[in-house]
$ cat target-v3.pdb   # PDB, N, CA and C atoms
MODEL        1
ATOM      1  N   MET I 130     -79.035   5.377 -34.796  1.00  0.00           N
ATOM      2  CA  MET I 130     -78.897   5.702 -33.386  1.00  0.00           C
ATOM      3  C   MET I 130     -77.637   6.540 -33.190  1.00  0.00           C
ATOM      4  N   LYS I 131     -77.720   7.527 -32.347  1.00  0.00           N
ATOM      5  CA  LYS I 131     -76.587   8.392 -32.050  1.00  0.00           C
ATOM      6  C   LYS I 131     -75.516   7.627 -31.285  1.00  0.00           C
ATOM      7  N   LYS I 132     -74.256   7.861 -31.645  1.00  0.00           N
ATOM      8  CA  LYS I 132     -73.152   7.246 -30.924  1.00  0.00           C
ATOM      9  C   LYS I 132     -72.715   8.189 -29.810  1.00  0.00           C
ATOM     10  N   PHE I 133     -72.265   7.621 -28.716  1.00  0.00           N
ATOM     11  CA  PHE I 133     -71.828   8.394 -27.558  1.00  0.00           C
ATOM     12  C   PHE I 133     -70.351   8.137 -27.309  1.00  0.00           C
ATOM     13  N   SER I 134     -69.630   9.182 -26.916  1.00  0.00           N
ATOM     14  CA  SER I 134     -68.222   9.015 -26.572  1.00  0.00           C
ATOM     15  C   SER I 134     -68.102   8.225 -25.288  1.00  0.00           C
ATOM     16  N   THR I 135     -67.094   7.374 -25.242  1.00  0.00           N
ATOM     17  CA  THR I 135     -66.847   6.621 -24.020  1.00  0.00           C
ATOM     18  C   THR I 135     -66.169   7.513 -23.007  1.00  0.00           C
ATOM     19  N   CYS I 136     -66.145   7.086 -21.786  1.00  0.00           N
ATOM     20  CA  CYS I 136     -65.529   7.910 -20.746  1.00  0.00           C
ATOM     21  C   CYS I 136     -64.289   7.260 -20.159  1.00  0.00           C
ATOM     22  N   HIS I 137     -63.784   6.194 -20.803  1.00  0.00           N
ATOM     23  CA  HIS I 137     -62.579   5.612 -20.233  1.00  0.00           C
ATOM     24  C   HIS I 137     -61.372   6.464 -20.597  1.00  0.00           C
ATOM     25  N   PRO I 138     -60.433   6.593 -19.669  1.00  0.00           N
ATOM     26  CA  PRO I 138     -59.287   7.474 -19.873  1.00  0.00           C
ATOM     27  C   PRO I 138     -58.456   7.077 -21.079  1.00  0.00           C
ATOM     28  N   GLY I 139     -57.993   8.057 -21.809  1.00  0.00           N
ATOM     29  CA  GLY I 139     -57.062   7.800 -22.890  1.00  0.00           C
ATOM     30  C   GLY I 139     -57.687   7.533 -24.233  1.00  0.00           C
ATOM     31  N   CYS I 140     -58.994   7.523 -24.341  1.00  0.00           N
ATOM     32  CA  CYS I 140     -59.612   7.198 -25.617  1.00  0.00           C
ATOM     33  C   CYS I 140     -60.795   8.125 -25.891  1.00  0.00           C
ATOM     34  N   PRO I 141     -60.533   9.405 -26.116  1.00  0.00           N
ATOM     35  CA  PRO I 141     -61.626  10.350 -26.278  1.00  0.00           C
ATOM     36  C   PRO I 141     -62.409  10.198 -27.569  1.00  0.00           C
ATOM     37  N   SER I 142     -61.858   9.494 -28.558  1.00  0.00           N
ATOM     38  CA  SER I 142     -62.565   9.415 -29.832  1.00  0.00           C
ATOM     39  C   SER I 142     -63.370   8.133 -30.007  1.00  0.00           C
ATOM     40  N   CYS I 143     -63.278   7.197 -29.097  1.00  0.00           N
ATOM     41  CA  CYS I 143     -64.066   5.973 -29.197  1.00  0.00           C
ATOM     42  C   CYS I 143     -65.538   6.285 -28.960  1.00  0.00           C
ATOM     43  N   THR I 144     -66.409   5.492 -29.550  1.00  0.00           N
ATOM     44  CA  THR I 144     -67.835   5.693 -29.340  1.00  0.00           C
ATOM     45  C   THR I 144     -68.503   4.373 -28.993  1.00  0.00           C
ATOM     46  N   ILE I 145     -69.646   4.460 -28.354  1.00  0.00           N
ATOM     47  CA  ILE I 145     -70.454   3.280 -28.054  1.00  0.00           C
ATOM     48  C   ILE I 145     -71.880   3.546 -28.511  1.00  0.00           C
ATOM     49  N   ASP I 146     -72.601   2.492 -28.842  1.00  0.00           N
ATOM     50  CA  ASP I 146     -73.969   2.630 -29.328  1.00  0.00           C
ATOM     51  C   ASP I 146     -74.972   2.850 -28.204  1.00  0.00           C
ATOM     52  N   ASP I 147     -74.772   2.200 -27.073  1.00  0.00           N
ATOM     53  CA  ASP I 147     -75.742   2.261 -25.981  1.00  0.00           C
ATOM     54  C   ASP I 147     -75.047   2.686 -24.693  1.00  0.00           C
ATOM     55  N   PRO I 148     -75.122   3.966 -24.336  1.00  0.00           N
ATOM     56  CA  PRO I 148     -74.409   4.439 -23.151  1.00  0.00           C
ATOM     57  C   PRO I 148     -74.938   3.868 -21.839  1.00  0.00           C
ATOM     58  N   LEU I 149     -76.128   3.294 -21.856  1.00  0.00           N
ATOM     59  CA  LEU I 149     -76.666   2.695 -20.635  1.00  0.00           C
ATOM     60  C   LEU I 149     -76.285   1.226 -20.506  1.00  0.00           C
ATOM     61  N   ASN I 150     -75.563   0.710 -21.482  1.00  0.00           N
ATOM     62  CA  ASN I 150     -75.099  -0.676 -21.446  1.00  0.00           C
ATOM     63  C   ASN I 150     -73.740  -0.768 -22.144  1.00  0.00           C
ATOM     64  N   PRO I 151     -72.712  -0.086 -21.603  1.00  0.00           N
ATOM     65  CA  PRO I 151     -71.399  -0.097 -22.249  1.00  0.00           C
ATOM     66  C   PRO I 151     -70.764  -1.483 -22.180  1.00  0.00           C
ATOM     67  N   PRO I 152     -69.990  -1.872 -23.203  1.00  0.00           N
ATOM     68  CA  PRO I 152     -69.374  -3.201 -23.230  1.00  0.00           C
ATOM     69  C   PRO I 152     -68.538  -3.523 -21.988  1.00  0.00           C
ATOM     70  N   ILE I 153     -67.812  -2.561 -21.455  1.00  0.00           N
ATOM     71  CA  ILE I 153     -66.967  -2.825 -20.291  1.00  0.00           C
ATOM     72  C   ILE I 153     -67.802  -3.192 -19.072  1.00  0.00           C
ATOM     73  N   PHE I 154     -69.034  -2.699 -18.994  1.00  0.00           N
ATOM     74  CA  PHE I 154     -69.884  -3.019 -17.847  1.00  0.00           C
ATOM     75  C   PHE I 154     -70.221  -4.506 -17.814  1.00  0.00           C
ATOM     76  N   GLN I 155     -70.408  -5.130 -18.959  1.00  0.00           N
ATOM     77  CA  GLN I 155     -70.700  -6.561 -18.992  1.00  0.00           C
ATOM     78  C   GLN I 155     -69.522  -7.368 -18.447  1.00  0.00           C
ATOM     79  N   THR I 156     -68.312  -6.938 -18.750  1.00  0.00           N
ATOM     80  CA  THR I 156     -67.113  -7.600 -18.220  1.00  0.00           C
ATOM     81  C   THR I 156     -67.059  -7.466 -16.703  1.00  0.00           C
ATOM     82  N   ILE I 157     -67.306  -6.271 -16.214  1.00  0.00           N
ATOM     83  CA  ILE I 157     -67.289  -6.019 -14.770  1.00  0.00           C
ATOM     84  C   ILE I 157     -68.395  -6.816 -14.076  1.00  0.00           C
ATOM     85  N   LYS I 158     -69.582  -6.793 -14.656  1.00  0.00           N
ATOM     86  CA  LYS I 158     -70.722  -7.500 -14.077  1.00  0.00           C
ATOM     87  C   LYS I 158     -70.445  -8.998 -13.975  1.00  0.00           C
ATOM     88  N   SER I 159     -69.870  -9.577 -15.022  1.00  0.00           N
ATOM     89  CA  SER I 159     -69.537 -11.011 -15.007  1.00  0.00           C
ATOM     90  C   SER I 159     -68.544 -11.340 -13.900  1.00  0.00           C
ATOM     91  N   PHE I 160     -67.559 -10.467 -13.710  1.00  0.00           N
ATOM     92  CA  PHE I 160     -66.559 -10.674 -12.666  1.00  0.00           C
ATOM     93  C   PHE I 160     -67.222 -10.762 -11.291  1.00  0.00           C
ATOM     94  N   PHE I 161     -68.105  -9.820 -10.988  1.00  0.00           N
ATOM     95  CA  PHE I 161     -68.750  -9.803  -9.680  1.00  0.00           C
ATOM     96  C   PHE I 161     -69.779 -10.914  -9.518  1.00  0.00           C
ATOM     97  N   GLU I 162     -70.446 -11.295 -10.598  1.00  0.00           N
ATOM     98  CA  GLU I 162     -71.440 -12.371 -10.513  1.00  0.00           C
ATOM     99  C   GLU I 162     -70.801 -13.698 -10.121  1.00  0.00           C
ATOM    100  N   LYS I 163     -69.533 -13.901 -10.475  1.00  0.00           N
ATOM    101  CA  LYS I 163     -68.825 -15.128 -10.078  1.00  0.00           C
ATOM    102  C   LYS I 163     -68.754 -15.248  -8.559  1.00  0.00           C
ATOM    103  N   ASN I 164     -68.776 -14.111  -7.883  1.00  0.00           N
ATOM    104  CA  ASN I 164     -68.737 -14.079  -6.418  1.00  0.00           C
ATOM    105  C   ASN I 164     -70.105 -13.765  -5.822  1.00  0.00           C
ATOM    106  N   GLU I 165     -71.141 -13.939  -6.637  1.00  0.00           N
ATOM    107  CA  GLU I 165     -72.528 -13.717  -6.218  1.00  0.00           C
ATOM    108  C   GLU I 165     -72.761 -12.305  -5.680  1.00  0.00           C
ATOM    109  N   ILE I 166     -72.128 -11.329  -6.330  1.00  0.00           N
ATOM    110  CA  ILE I 166     -72.304  -9.925  -5.969  1.00  0.00           C
ATOM    111  C   ILE I 166     -73.024  -9.238  -7.122  1.00  0.00           C
ATOM    112  N   GLU I 167     -74.173  -8.640  -6.810  1.00  0.00           N
ATOM    113  CA  GLU I 167     -74.939  -7.938  -7.836  1.00  0.00           C
ATOM    114  C   GLU I 167     -74.508  -6.476  -7.882  1.00  0.00           C
ATOM    115  N   ILE I 168     -74.227  -5.986  -9.074  1.00  0.00           N
ATOM    116  CA  ILE I 168     -73.905  -4.569  -9.226  1.00  0.00           C
ATOM    117  C   ILE I 168     -74.862  -3.959 -10.245  1.00  0.00           C
ATOM    118  N   LYS I 169     -75.072  -2.667 -10.118  1.00  0.00           N
ATOM    119  CA  LYS I 169     -75.949  -1.944 -11.034  1.00  0.00           C
ATOM    120  C   LYS I 169     -75.192  -0.767 -11.626  1.00  0.00           C
ATOM    121  N   LEU I 170     -75.515  -0.452 -12.856  1.00  0.00           N
ATOM    122  CA  LEU I 170     -74.931   0.705 -13.518  1.00  0.00           C
ATOM    123  C   LEU I 170     -75.768   1.934 -13.180  1.00  0.00           C
ATOM    124  N   VAL I 171     -75.117   2.958 -12.673  1.00  0.00           N
ATOM    125  CA  VAL I 171     -75.792   4.214 -12.358  1.00  0.00           C
ATOM    126  C   VAL I 171     -75.261   5.255 -13.331  1.00  0.00           C
ATOM    127  N   ALA I 172     -76.155   5.823 -14.136  1.00  0.00           N
ATOM    128  CA  ALA I 172     -75.742   6.786 -15.158  1.00  0.00           C
ATOM    129  C   ALA I 172     -76.189   8.195 -14.792  1.00  0.00           C
ATOM    130  N   LYS I 173     -75.351   9.142 -15.110  1.00  0.00           N
ATOM    131  CA  LYS I 173     -75.684  10.563 -14.933  1.00  0.00           C
ATOM    132  C   LYS I 173     -76.236  11.093 -16.255  1.00  0.00           C
ATOM    133  N   ASP I 174     -76.344  12.410 -16.387  1.00  0.00           N
ATOM    134  CA  ASP I 174     -76.845  13.025 -17.611  1.00  0.00           C
ATOM    135  C   ASP I 174     -76.007  12.607 -18.814  1.00  0.00           C
ATOM    136  N   LEU I 175     -76.683  12.277 -19.919  1.00  0.00           N
ATOM    137  CA  LEU I 175     -75.982  11.882 -21.138  1.00  0.00           C
ATOM    138  C   LEU I 175     -75.616  13.079 -22.001  1.00  0.00           C
ATOM    139  N   PHE I 176     -76.249  14.207 -21.761  1.00  0.00           N
ATOM    140  CA  PHE I 176     -75.998  15.396 -22.565  1.00  0.00           C
ATOM    141  C   PHE I 176     -75.636  16.564 -21.657  1.00  0.00           C
ATOM    142  N   GLY I 177     -75.119  17.636 -22.259  1.00  0.00           N
ATOM    143  CA  GLY I 177     -74.837  18.842 -21.496  1.00  0.00           C
ATOM    144  C   GLY I 177     -73.432  18.901 -20.920  1.00  0.00           C
ATOM    145  N   TRP I 178     -72.553  18.043 -21.355  1.00  0.00           N
ATOM    146  CA  TRP I 178     -71.181  18.061 -20.888  1.00  0.00           C
ATOM    147  C   TRP I 178     -70.288  17.672 -22.051  1.00  0.00           C
ATOM    148  N   ARG I 179     -69.028  17.924 -21.926  1.00  0.00           N
ATOM    149  CA  ARG I 179     -68.082  17.473 -22.937  1.00  0.00           C
ATOM    150  C   ARG I 179     -66.730  17.250 -22.286  1.00  0.00           C
ATOM    151  N   ILE I 180     -65.930  16.494 -22.958  1.00  0.00           N
ATOM    152  CA  ILE I 180     -64.572  16.225 -22.491  1.00  0.00           C
ATOM    153  C   ILE I 180     -63.619  16.938 -23.441  1.00  0.00           C
ATOM    154  N   LYS I 181     -62.716  17.701 -22.904  1.00  0.00           N
ATOM    155  CA  LYS I 181     -61.743  18.418 -23.711  1.00  0.00           C
ATOM    156  C   LYS I 181     -60.424  17.657 -23.663  1.00  0.00           C
ATOM    157  N   VAL I 182     -59.913  17.334 -24.817  1.00  0.00           N
ATOM    158  CA  VAL I 182     -58.687  16.548 -24.909  1.00  0.00           C
ATOM    159  C   VAL I 182     -57.569  17.409 -25.477  1.00  0.00           C
ATOM    160  N   LYS I 183     -56.433  17.352 -24.841  1.00  0.00           N
ATOM    161  CA  LYS I 183     -55.248  18.050 -25.332  1.00  0.00           C
ATOM    162  C   LYS I 183     -54.167  17.002 -25.578  1.00  0.00           C
ATOM    163  N   PRO I 184     -54.034  16.545 -26.820  1.00  0.00           N
ATOM    164  CA  PRO I 184     -53.033  15.515 -27.100  1.00  0.00           C
ATOM    165  C   PRO I 184     -51.617  16.014 -26.826  1.00  0.00           C
ATOM    166  N   ALA I 185     -50.794  15.110 -26.364  1.00  0.00           N
ATOM    167  CA  ALA I 185     -49.384  15.400 -26.124  1.00  0.00           C
ATOM    168  C   ALA I 185     -48.583  14.872 -27.310  1.00  0.00           C
ATOM    169  N   VAL I 186     -47.595  15.624 -27.747  1.00  0.00           N
ATOM    170  CA  VAL I 186     -46.733  15.211 -28.854  1.00  0.00           C
ATOM    171  C   VAL I 186     -45.308  15.188 -28.330  1.00  0.00           C
ATOM    172  N   ARG I 187     -44.651  14.058 -28.497  1.00  0.00           N
ATOM    173  CA  ARG I 187     -43.285  13.884 -28.010  1.00  0.00           C
ATOM    174  C   ARG I 187     -42.450  13.135 -29.046  1.00  0.00           C
ATOM    175  N   ALA I 188     -41.148  13.353 -28.999  1.00  0.00           N
ATOM    176  CA  ALA I 188     -40.220  12.560 -29.803  1.00  0.00           C
ATOM    177  C   ALA I 188     -39.701  11.441 -28.913  1.00  0.00           C
ATOM    178  N   ILE I 189     -39.946  10.204 -29.320  1.00  0.00           N
ATOM    179  CA  ILE I 189     -39.475   9.042 -28.571  1.00  0.00           C
ATOM    180  C   ILE I 189     -38.674   8.164 -29.519  1.00  0.00           C
ATOM    181  N   ASN I 190     -37.409   7.960 -29.192  1.00  0.00           N
ATOM    182  CA  ASN I 190     -36.501   7.168 -30.026  1.00  0.00           C
ATOM    183  C   ASN I 190     -36.489   7.655 -31.473  1.00  0.00           C
ATOM    184  N   GLY I 191     -36.487   8.975 -31.650  1.00  0.00           N
ATOM    185  CA  GLY I 191     -36.414   9.554 -32.984  1.00  0.00           C
ATOM    186  C   GLY I 191     -37.714   9.535 -33.767  1.00  0.00           C
ATOM    187  N   LYS I 192     -38.810   9.089 -33.148  1.00  0.00           N
ATOM    188  CA  LYS I 192     -40.105   9.047 -33.827  1.00  0.00           C
ATOM    189  C   LYS I 192     -41.098   9.922 -33.072  1.00  0.00           C
ATOM    190  N   THR I 193     -42.051  10.458 -33.806  1.00  0.00           N
ATOM    191  CA  THR I 193     -43.079  11.284 -33.186  1.00  0.00           C
ATOM    192  C   THR I 193     -44.141  10.396 -32.552  1.00  0.00           C
ATOM    193  N   ALA I 194     -44.460  10.669 -31.298  1.00  0.00           N
ATOM    194  CA  ALA I 194     -45.500   9.925 -30.583  1.00  0.00           C
ATOM    195  C   ALA I 194     -46.584  10.909 -30.154  1.00  0.00           C
ATOM    196  N   ILE I 195     -47.831  10.530 -30.399  1.00  0.00           N
ATOM    197  CA  ILE I 195     -48.969  11.363 -30.021  1.00  0.00           C
ATOM    198  C   ILE I 195     -49.849  10.561 -29.075  1.00  0.00           C
ATOM    199  N   GLY I 196     -50.244  11.166 -27.984  1.00  0.00           N
ATOM    200  CA  GLY I 196     -51.096  10.469 -27.019  1.00  0.00           C
ATOM    201  C   GLY I 196     -51.574  11.423 -25.947  1.00  0.00           C
ATOM    202  N   LEU I 197     -51.877  10.874 -24.805  1.00  0.00           N
ATOM    203  CA  LEU I 197     -52.284  11.661 -23.642  1.00  0.00           C
ATOM    204  C   LEU I 197     -51.297  11.415 -22.520  1.00  0.00           C
ATOM    205  N   PHE I 198     -51.163  12.384 -21.634  1.00  0.00           N
ATOM    206  CA  PHE I 198     -50.288  12.194 -20.487  1.00  0.00           C
ATOM    207  C   PHE I 198     -50.958  11.299 -19.459  1.00  0.00           C
ATOM    208  N   LYS I 199     -50.160  10.434 -18.832  1.00  0.00           N
ATOM    209  CA  LYS I 199     -50.656   9.686 -17.683  1.00  0.00           C
ATOM    210  C   LYS I 199     -50.960  10.703 -16.591  1.00  0.00           C
ATOM    211  N   LYS I 200     -51.956  10.408 -15.785  1.00  0.00           N
ATOM    212  CA  LYS I 200     -52.387  11.336 -14.744  1.00  0.00           C
ATOM    213  C   LYS I 200     -51.223  11.714 -13.832  1.00  0.00           C
ATOM    214  N   GLY I 201     -51.029  13.004 -13.656  1.00  0.00           N
ATOM    215  CA  GLY I 201     -49.997  13.509 -12.759  1.00  0.00           C
ATOM    216  C   GLY I 201     -48.578  13.363 -13.270  1.00  0.00           C
ATOM    217  N   SER I 202     -48.410  13.143 -14.580  1.00  0.00           N
ATOM    218  CA  SER I 202     -47.059  12.959 -15.114  1.00  0.00           C
ATOM    219  C   SER I 202     -46.943  13.606 -16.492  1.00  0.00           C
ATOM    220  N   HIS I 203     -45.776  13.478 -17.076  1.00  0.00           N
ATOM    221  CA  HIS I 203     -45.555  13.885 -18.463  1.00  0.00           C
ATOM    222  C   HIS I 203     -45.140  12.678 -19.297  1.00  0.00           C
ATOM    223  N   LYS I 204     -45.630  11.503 -18.908  1.00  0.00           N
ATOM    224  CA  LYS I 204     -45.388  10.270 -19.661  1.00  0.00           C
ATOM    225  C   LYS I 204     -46.604   9.996 -20.535  1.00  0.00           C
ATOM    226  N   LEU I 205     -46.360   9.589 -21.780  1.00  0.00           N
ATOM    227  CA  LEU I 205     -47.468   9.316 -22.682  1.00  0.00           C
ATOM    228  C   LEU I 205     -48.216   8.058 -22.276  1.00  0.00           C
ATOM    229  N   PHE I 206     -49.513   8.100 -22.459  1.00  0.00           N
ATOM    230  CA  PHE I 206     -50.399   6.983 -22.144  1.00  0.00           C
ATOM    231  C   PHE I 206     -50.942   6.431 -23.447  1.00  0.00           C
ATOM    232  N   LYS I 207     -50.861   5.130 -23.624  1.00  0.00           N
ATOM    233  CA  LYS I 207     -51.402   4.499 -24.818  1.00  0.00           C
ATOM    234  C   LYS I 207     -52.526   3.570 -24.391  1.00  0.00           C
ATOM    235  N   GLU I 208     -53.720   3.818 -24.903  1.00  0.00           N
ATOM    236  CA  GLU I 208     -54.884   2.977 -24.590  1.00  0.00           C
ATOM    237  C   GLU I 208     -54.805   1.735 -25.462  1.00  0.00           C
ATOM    238  N   SER I 209     -54.633   0.571 -24.848  1.00  0.00           N
ATOM    239  CA  SER I 209     -54.422  -0.663 -25.607  1.00  0.00           C
ATOM    240  C   SER I 209     -55.705  -1.335 -26.064  1.00  0.00           C
ATOM    241  N   SER I 210     -56.858  -0.927 -25.573  1.00  0.00           N
ATOM    242  CA  SER I 210     -58.096  -1.599 -25.961  1.00  0.00           C
ATOM    243  C   SER I 210     -58.738  -0.996 -27.206  1.00  0.00           C
ATOM    244  N   CYS I 211     -58.120  -0.009 -27.797  1.00  0.00           N
ATOM    245  CA  CYS I 211     -58.684   0.607 -29.011  1.00  0.00           C
ATOM    246  C   CYS I 211     -58.210  -0.120 -30.255  1.00  0.00           C
TER     247      CYS I 211
ENDMDL
END

$ encode --input "target-v3.pdb" --output "structure tokens"
Amino acid sequence: MKKFSTCHPGCPSCTIDDPLNPPIFQTIKSFFEKNEIEIKLVAKDLFGWRIKVKPAVRAINGKTAIGLFKKGSHKLFKESSC
């Protein structure tokens, strides 16, 4: 089965097996079900688009750090769920 890139910010190289049932959606769904709120996943086109990533490279405390900028800033963002 083809792997699909995830769309969460900061992790352009992660992949998921089933784009119509991403792991994070199950977490979100469980949260809302506790309050008896039903949510549905609405998906757009799976093909015909791409995400362009421009990694940021900075020296932090004498070491090289590579990542992405936080939105609207020049601070590096580290995705902790990878």

$ atom_distance --input "target-v3.pdb" --atom1 "atom N of Val186 of chain I" --atom2 "atom N of Phe198 of chain I"
7.8 Å

$ closest_residue --input "target-v3.pdb" --among "I:Ala185, I:Leu170, I:Leu205, I:Lys199" --to "Phe154 of chain I" --atoms "all atoms listed in the file"
I:Leu170

$ atom_distance --input "target-v3.pdb" --atom1 "atom CA of Asn150 of chain I" --atom2 "atom CA of Ala172 of chain I"
9.8 Å

$ atom_distance --input "target-v3.pdb" --atom1 "atom CA of Lys183 of chain I" --atom2 "atom CA of Gly196 of chain I"
8.8 Å

$ closest_residue --input "target-v3.pdb" --among "I:Glu165, I:Ile195, I:Phe160, I:Val171" --to "Pro148 of chain I" --atoms "only C-alpha atoms"
I:Val171

$ select_by_dssp --input "target-v3.pdb" --residues "segment 149-204 of chain I" --states "alpha helix (DSSP H)" --output "PyMOL selection string"
chain I and resi 152-162
